[in-house]
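For reference, the structure discussed in these notes is given below.
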Amino acid sequence: MSNSKKNKSKITISLVLIVRNERASSSALFSKLPLKSVDDVYVIDGNSTDGTQNFFKKKRIKVYEQTIKGLGEATFEARKQCKTKAMIFFHPDGNEDPKDIKKVAELLRAGHQFVIPSRMIKGAWNEEDSKFFKPRKWVNQMLASLANFLFNHTKSYVSEIVQGFRGINLESYDRLALDKSDCTIDFQMVIRAMKNKVQITEFPTREGHRLFGETNFKSWETGKLELKMLIREIFDLATYPKL
């Protein structure tokens, strides 16, 4: 067996389902999750009150409840519970395409460090692409441009900064020393990856529409938090890797 094949066989992957009151959408999407593409699967639940936890427990999926609120805290709990060598974060609300889980897993096993399905590159589809005005997409692209200009020292432009659907190996994740407990964790992960020269691999994905309920993250409030976090990442020298 070649060294490359040996390395691939050693990369085990956990699928982490991040949920909060997603009973209906989880039920609608569960059969579409390619669970055989990963080695483990578990749920990080943000204190759901609609039966989400019971749904997954009946499916014999491990459920870990957050003790502290926030998307970042869910990410930290996911890392704490991970027993494999890589993680894929997926939110079963309808926005993210479950078919792409298999592709993310394949890229991680091929040795890619940080994989993000992008809604912003050629061949992709963003939910605002059918509209003339695309404020959310334009803001994301502006922030991505700033991040690339300020922190990215590779030839590969990173187009997707806040897509929560992503995969990363634990060795790379631990290098990032993430500390944002709120919804800015995804953007911080990209910025810290750029700072630490962690390879980011993108491929086009199609963004769907949320199946049930409303998002927990309002665009205007989230945008302000993202900008505040970006400013800190620029000027706080402690956020840069030590030479």
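Order determines the names: the first chain of the structure tokens is A, the second B, and so forth; residues in each chain are numbered 1 upward, and ligands are numbered 1 upward as they are shown.
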
Show which residues sit within 9 Å of Lys85 (chain A), as a PyMOL selection string. Count only C-alpha atoms, and ignore same-chain residues fewer than 4 positions away. chain A and resi 10-14+168-171

Kindly provide the residues of region 94-130 of chain A that approach region 177-189 of chain A to within 12 Å, each paired with its closest atom pair and their distance in Å to one decimal, based on only C-alpha atoms, listed by chain and increasing number, as a tab-separated table.
residue	atom	partner	partner_atom	distance
A:Phe114	CA	A:Met189	CA	9.7
A:Val115	CA	A:Met189	CA	11.6
A:Ile116	CA	A:Asp186	CA	10.6

Just-selected residues, N, CA and C atoms written as a PDB file, in the first residue's frame:
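Result saved to selection_20.pdb:
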ATOM      1  N   PHE A 114      -8.708  22.059   5.506  1.00  0.00           N
ATOM      2  CA  PHE A 114      -9.897  22.841   5.856  1.00  0.00           C
ATOM      3  C   PHE A 114     -10.721  22.972   4.581  1.00  0.00           C
ATOM      4  N   VAL A 115     -11.916  22.427   4.585  1.00  0.00           N
ATOM      5  CA  VAL A 115     -12.737  22.356   3.376  1.00  0.00           C
ATOM      6  C   VAL A 115     -14.049  23.107   3.591  1.00  0.00           C
ATOM      7  N   ILE A 116     -14.368  24.020   2.665  1.00  0.00           N
ATOM      8  CA  ILE A 116     -15.600  24.803   2.775  1.00  0.00           C
ATOM      9  C   ILE A 116     -16.388  24.731   1.470  1.00  0.00           C
TER      10      ILE A 116
END

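Considering the residues A:Ala28, A:Ile44, A:Leu146, A:Val139 and counting only C-alpha atoms, Gly72 (chain A) has its shortest atom-to-atom contact with A:Ile44.
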
Once DSSP has gone over the backbone, tell me which residues of region 22-193 of chain A are in helix (DSSP H, G or I), as a PyMOL selection string. chain A and resi 23-32+35-37+52-58+71-81+100-109+135-151+170-176+185-193

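Remark: for Glu221 (chain A), the closest of the candidate residues A:Pro98, A:Arg136, A:Met87, A:Ala24 is A:Arg136 (distances computed over only C-alpha atoms).
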
Measuring between only C-alpha atoms, which one of A:Leu17, A:Leu143, A:Ala124, A:Leu211 shows the shortest distance to Lys228 (chain A)? A:Leu143

Excluding region 202-204 of chain A and residues on its chain fewer than 3 positions from it, collect all residues at most 8 Å away from it, counting only C-alpha atoms, and give them as number ranges by chain. A: 115-125, 158, 160

Given the selection you just returned, output its residues as a file containing N, CA and C atoms, formatted as a CSV table (one decimal), in the first residue's frame.
chain,number,residue,atom,x,y,z
A,115,VAL,N,-11.9,22.4,4.6
A,115,VAL,CA,-12.7,22.4,3.4
A,115,VAL,C,-14.0,23.1,3.6
A,116,ILE,N,-14.4,24.0,2.7
A,116,ILE,CA,-15.6,24.8,2.8
A,116,ILE,C,-16.4,24.7,1.5
A,117,PRO,N,-17.6,24.2,1.5
A,117,PRO,CA,-18.5,24.3,0.3
A,117,PRO,C,-18.9,25.8,0.2
A,118,SER,N,-18.6,26.4,-1.0
A,118,SER,CA,-18.8,27.8,-1.2
A,118,SER,C,-20.0,28.1,-2.0
A,119,ARG,N,-20.8,29.1,-1.5
A,119,ARG,CA,-21.9,29.6,-2.3
A,119,ARG,C,-21.6,30.8,-3.1
A,120,MET,N,-20.3,31.2,-3.2
A,120,MET,CA,-19.9,32.4,-3.8
A,120,MET,C,-19.0,32.3,-5.0
A,121,ILE,N,-18.7,31.0,-5.5
A,121,ILE,CA,-17.9,30.9,-6.6
A,121,ILE,C,-18.6,30.3,-7.8
A,122,LYS,N,-17.9,30.3,-9.0
A,122,LYS,CA,-18.5,29.8,-10.2
A,122,LYS,C,-19.1,28.4,-10.0
A,123,GLY,N,-20.3,28.2,-10.5
A,123,GLY,CA,-20.9,26.9,-10.3
A,123,GLY,C,-21.8,26.8,-9.1
A,124,ALA,N,-21.7,27.8,-8.2
A,124,ALA,CA,-22.4,27.7,-6.9
A,124,ALA,C,-23.8,28.5,-7.0
A,125,TRP,N,-24.6,28.4,-6.0
A,125,TRP,CA,-25.9,29.1,-6.0
A,125,TRP,C,-26.1,29.6,-4.6
A,158,VAL,N,-10.0,33.0,-1.0
A,158,VAL,CA,-11.1,32.4,-0.2
A,158,VAL,C,-12.4,33.2,-0.4
A,160,GLU,N,-15.6,32.1,0.6
A,160,GLU,CA,-16.7,31.8,1.6
A,160,GLU,C,-16.2,32.0,3.0

Please build the interface table for region 82-170 of chain A against region 18-22 of chain A with a cut-off of 10 Å, listing for each qualifying residue the nearest atom pair and the distance in Å to one decimal; count only C-alpha atoms, order rows by chain and increasing number, and write it as CSV.
residue,atom,partner,partner_atom,distance
A:Phe89,CA,A:Ile18,CA,7.0
A:Phe90,CA,A:Ile18,CA,6.2
A:His91,CA,A:Ile18,CA,5.2
A:Pro92,CA,A:Val19,CA,7.1
A:Asp93,CA,A:Glu22,CA,6.6
A:Gly164,CA,A:Ile18,CA,9.4
A:Phe165,CA,A:Ile18,CA,9.8

Mind writing the picked residues with C-alpha atoms as a PDB file, in the first residue's frame?
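The result, written out as selection_24.pdb:
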ATOM      1  CA  PHE A  89     -20.000  20.751  10.800  1.00  0.00           C
ATOM      2  CA  PHE A  90     -23.501  20.579   9.322  1.00  0.00           C
ATOM      3  CA  HIS A  91     -26.705  22.453  10.204  1.00  0.00           C
ATOM      4  CA  PRO A  92     -29.798  20.425   9.210  1.00  0.00           C
ATOM      5  CA  ASP A  93     -32.095  23.375   8.534  1.00  0.00           C
ATOM      6  CA  GLY A 164     -21.198  27.110   8.730  1.00  0.00           C
ATOM      7  CA  PHE A 165     -20.998  23.921   6.650  1.00  0.00           C
TER       8      PHE A 165
END

Running DSSP on the backbone, which parts of region 14-219 of chain A land in strand (DSSP E or B), as a tab-separated table (two decimals) with C-alpha atoms, in the first residue's frame?
chain	number	residue	atom	x	y	z
A	14	SER	CA	-17.00	12.87	12.67
A	15	LEU	CA	-20.16	14.47	11.32
A	16	VAL	CA	-21.28	17.07	13.84
A	17	LEU	CA	-24.90	18.20	13.58
A	18	ILE	CA	-25.38	21.64	15.13
A	19	VAL	CA	-29.01	22.13	16.11
A	40	ASP	CA	-18.92	8.89	13.69
A	41	VAL	CA	-21.90	11.21	14.02
A	42	TYR	CA	-23.19	13.17	16.98
A	43	VAL	CA	-25.38	16.17	17.77
A	44	ILE	CA	-24.53	19.36	19.60
A	45	ASP	CA	-27.84	20.74	20.80
A	62	LYS	CA	-25.39	10.68	20.42
A	63	VAL	CA	-26.63	14.05	21.69
A	64	TYR	CA	-24.52	16.49	23.71
A	65	GLU	CA	-26.26	19.52	25.19
A	86	ALA	CA	-11.41	15.51	11.58
A	87	MET	CA	-14.85	17.11	11.94
A	88	ILE	CA	-17.54	18.15	9.50
A	89	PHE	CA	-20.00	20.75	10.80
A	90	PHE	CA	-23.50	20.58	9.32
A	114	PHE	CA	-9.90	22.84	5.86
A	115	VAL	CA	-12.74	22.36	3.38
A	116	ILE	CA	-15.60	24.80	2.78
A	117	PRO	CA	-18.47	24.32	0.31
A	118	SER	CA	-18.77	27.82	-1.17
A	125	TRP	CA	-25.85	29.08	-5.98
A	166	ARG	CA	-17.31	22.98	6.62
A	167	GLY	CA	-14.79	20.30	7.49
A	168	ILE	CA	-11.44	20.59	9.21
A	169	ASN	CA	-8.87	18.20	10.61
A	200	ILE	CA	-8.43	26.23	2.70
A	201	THR	CA	-10.09	24.24	-0.07
A	202	GLU	CA	-13.39	25.33	-1.62
A	203	PHE	CA	-15.84	23.76	-4.03
A	204	PRO	CA	-19.19	25.09	-5.29
A	206	ARG	CA	-26.05	25.20	-3.82

Measuring atom to atom with only C-alpha atoms, identify which of A:Pro135, A:Pro241, A:Gly223, A:Gly208 is nearest to Leu176 (chain A). A:Pro241

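Between CA of Ala74 (chain A) and CA of Lys242 (chain A) lies a distance of 26.8 Å.
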
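Here the question is which of A:Glu226, A:Arg23, A:Asp174, A:Lys32 gets nearest to Asp50 (chain A) using only C-alpha atoms, and that residue is A:Arg23.
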
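Across the model, the gap from CA of Lys59 (chain A) to CA of Lys83 (chain A) is 19.9 Å.
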
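Of the listed residues (A:Asp100, A:Asp39, A:Glu128, A:Glu233), A:Asp100 comes nearest to Thr205 (chain A); the distances count only C-alpha atoms.
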
Could you give me, as a PyMOL selection string, the residues within 7 Å of Asn95 (chain A), counting only C-alpha atoms and dropping anything in the same chain fewer than 3 positions from it? chain A and resi 207-210

Now that the selection is made, can you save its residues with N, CA and C atoms as a short mmCIF file (atom, residue, chain, number, x, y, z; two decimals), in the first residue's frame?
data_model
loop_
_atom_site.label_atom_id
_atom_site.label_comp_id
_atom_site.auth_asym_id
_atom_site.auth_seq_id
_atom_site.Cartn_x
_atom_site.Cartn_y
_atom_site.Cartn_z
N GLU A 207 -26.99 26.67 -2.18
CA GLU A 207 -27.68 27.01 -0.92
C GLU A 207 -29.17 26.83 -1.10
N GLY A 208 -29.78 26.09 -0.19
CA GLY A 208 -31.23 25.91 -0.23
C GLY A 208 -31.93 26.93 0.66
N HIS A 209 -33.21 26.74 0.80
CA HIS A 209 -34.00 27.63 1.66
C HIS A 209 -34.30 26.93 2.98
N ARG A 210 -34.31 27.68 4.02
CA ARG A 210 -34.64 27.13 5.33
C ARG A 210 -36.01 26.47 5.27
#

For CA of Thr154 (chain A) and CA of Asn196 (chain A), the interatomic separation in Å (one decimal): 11.2 Å
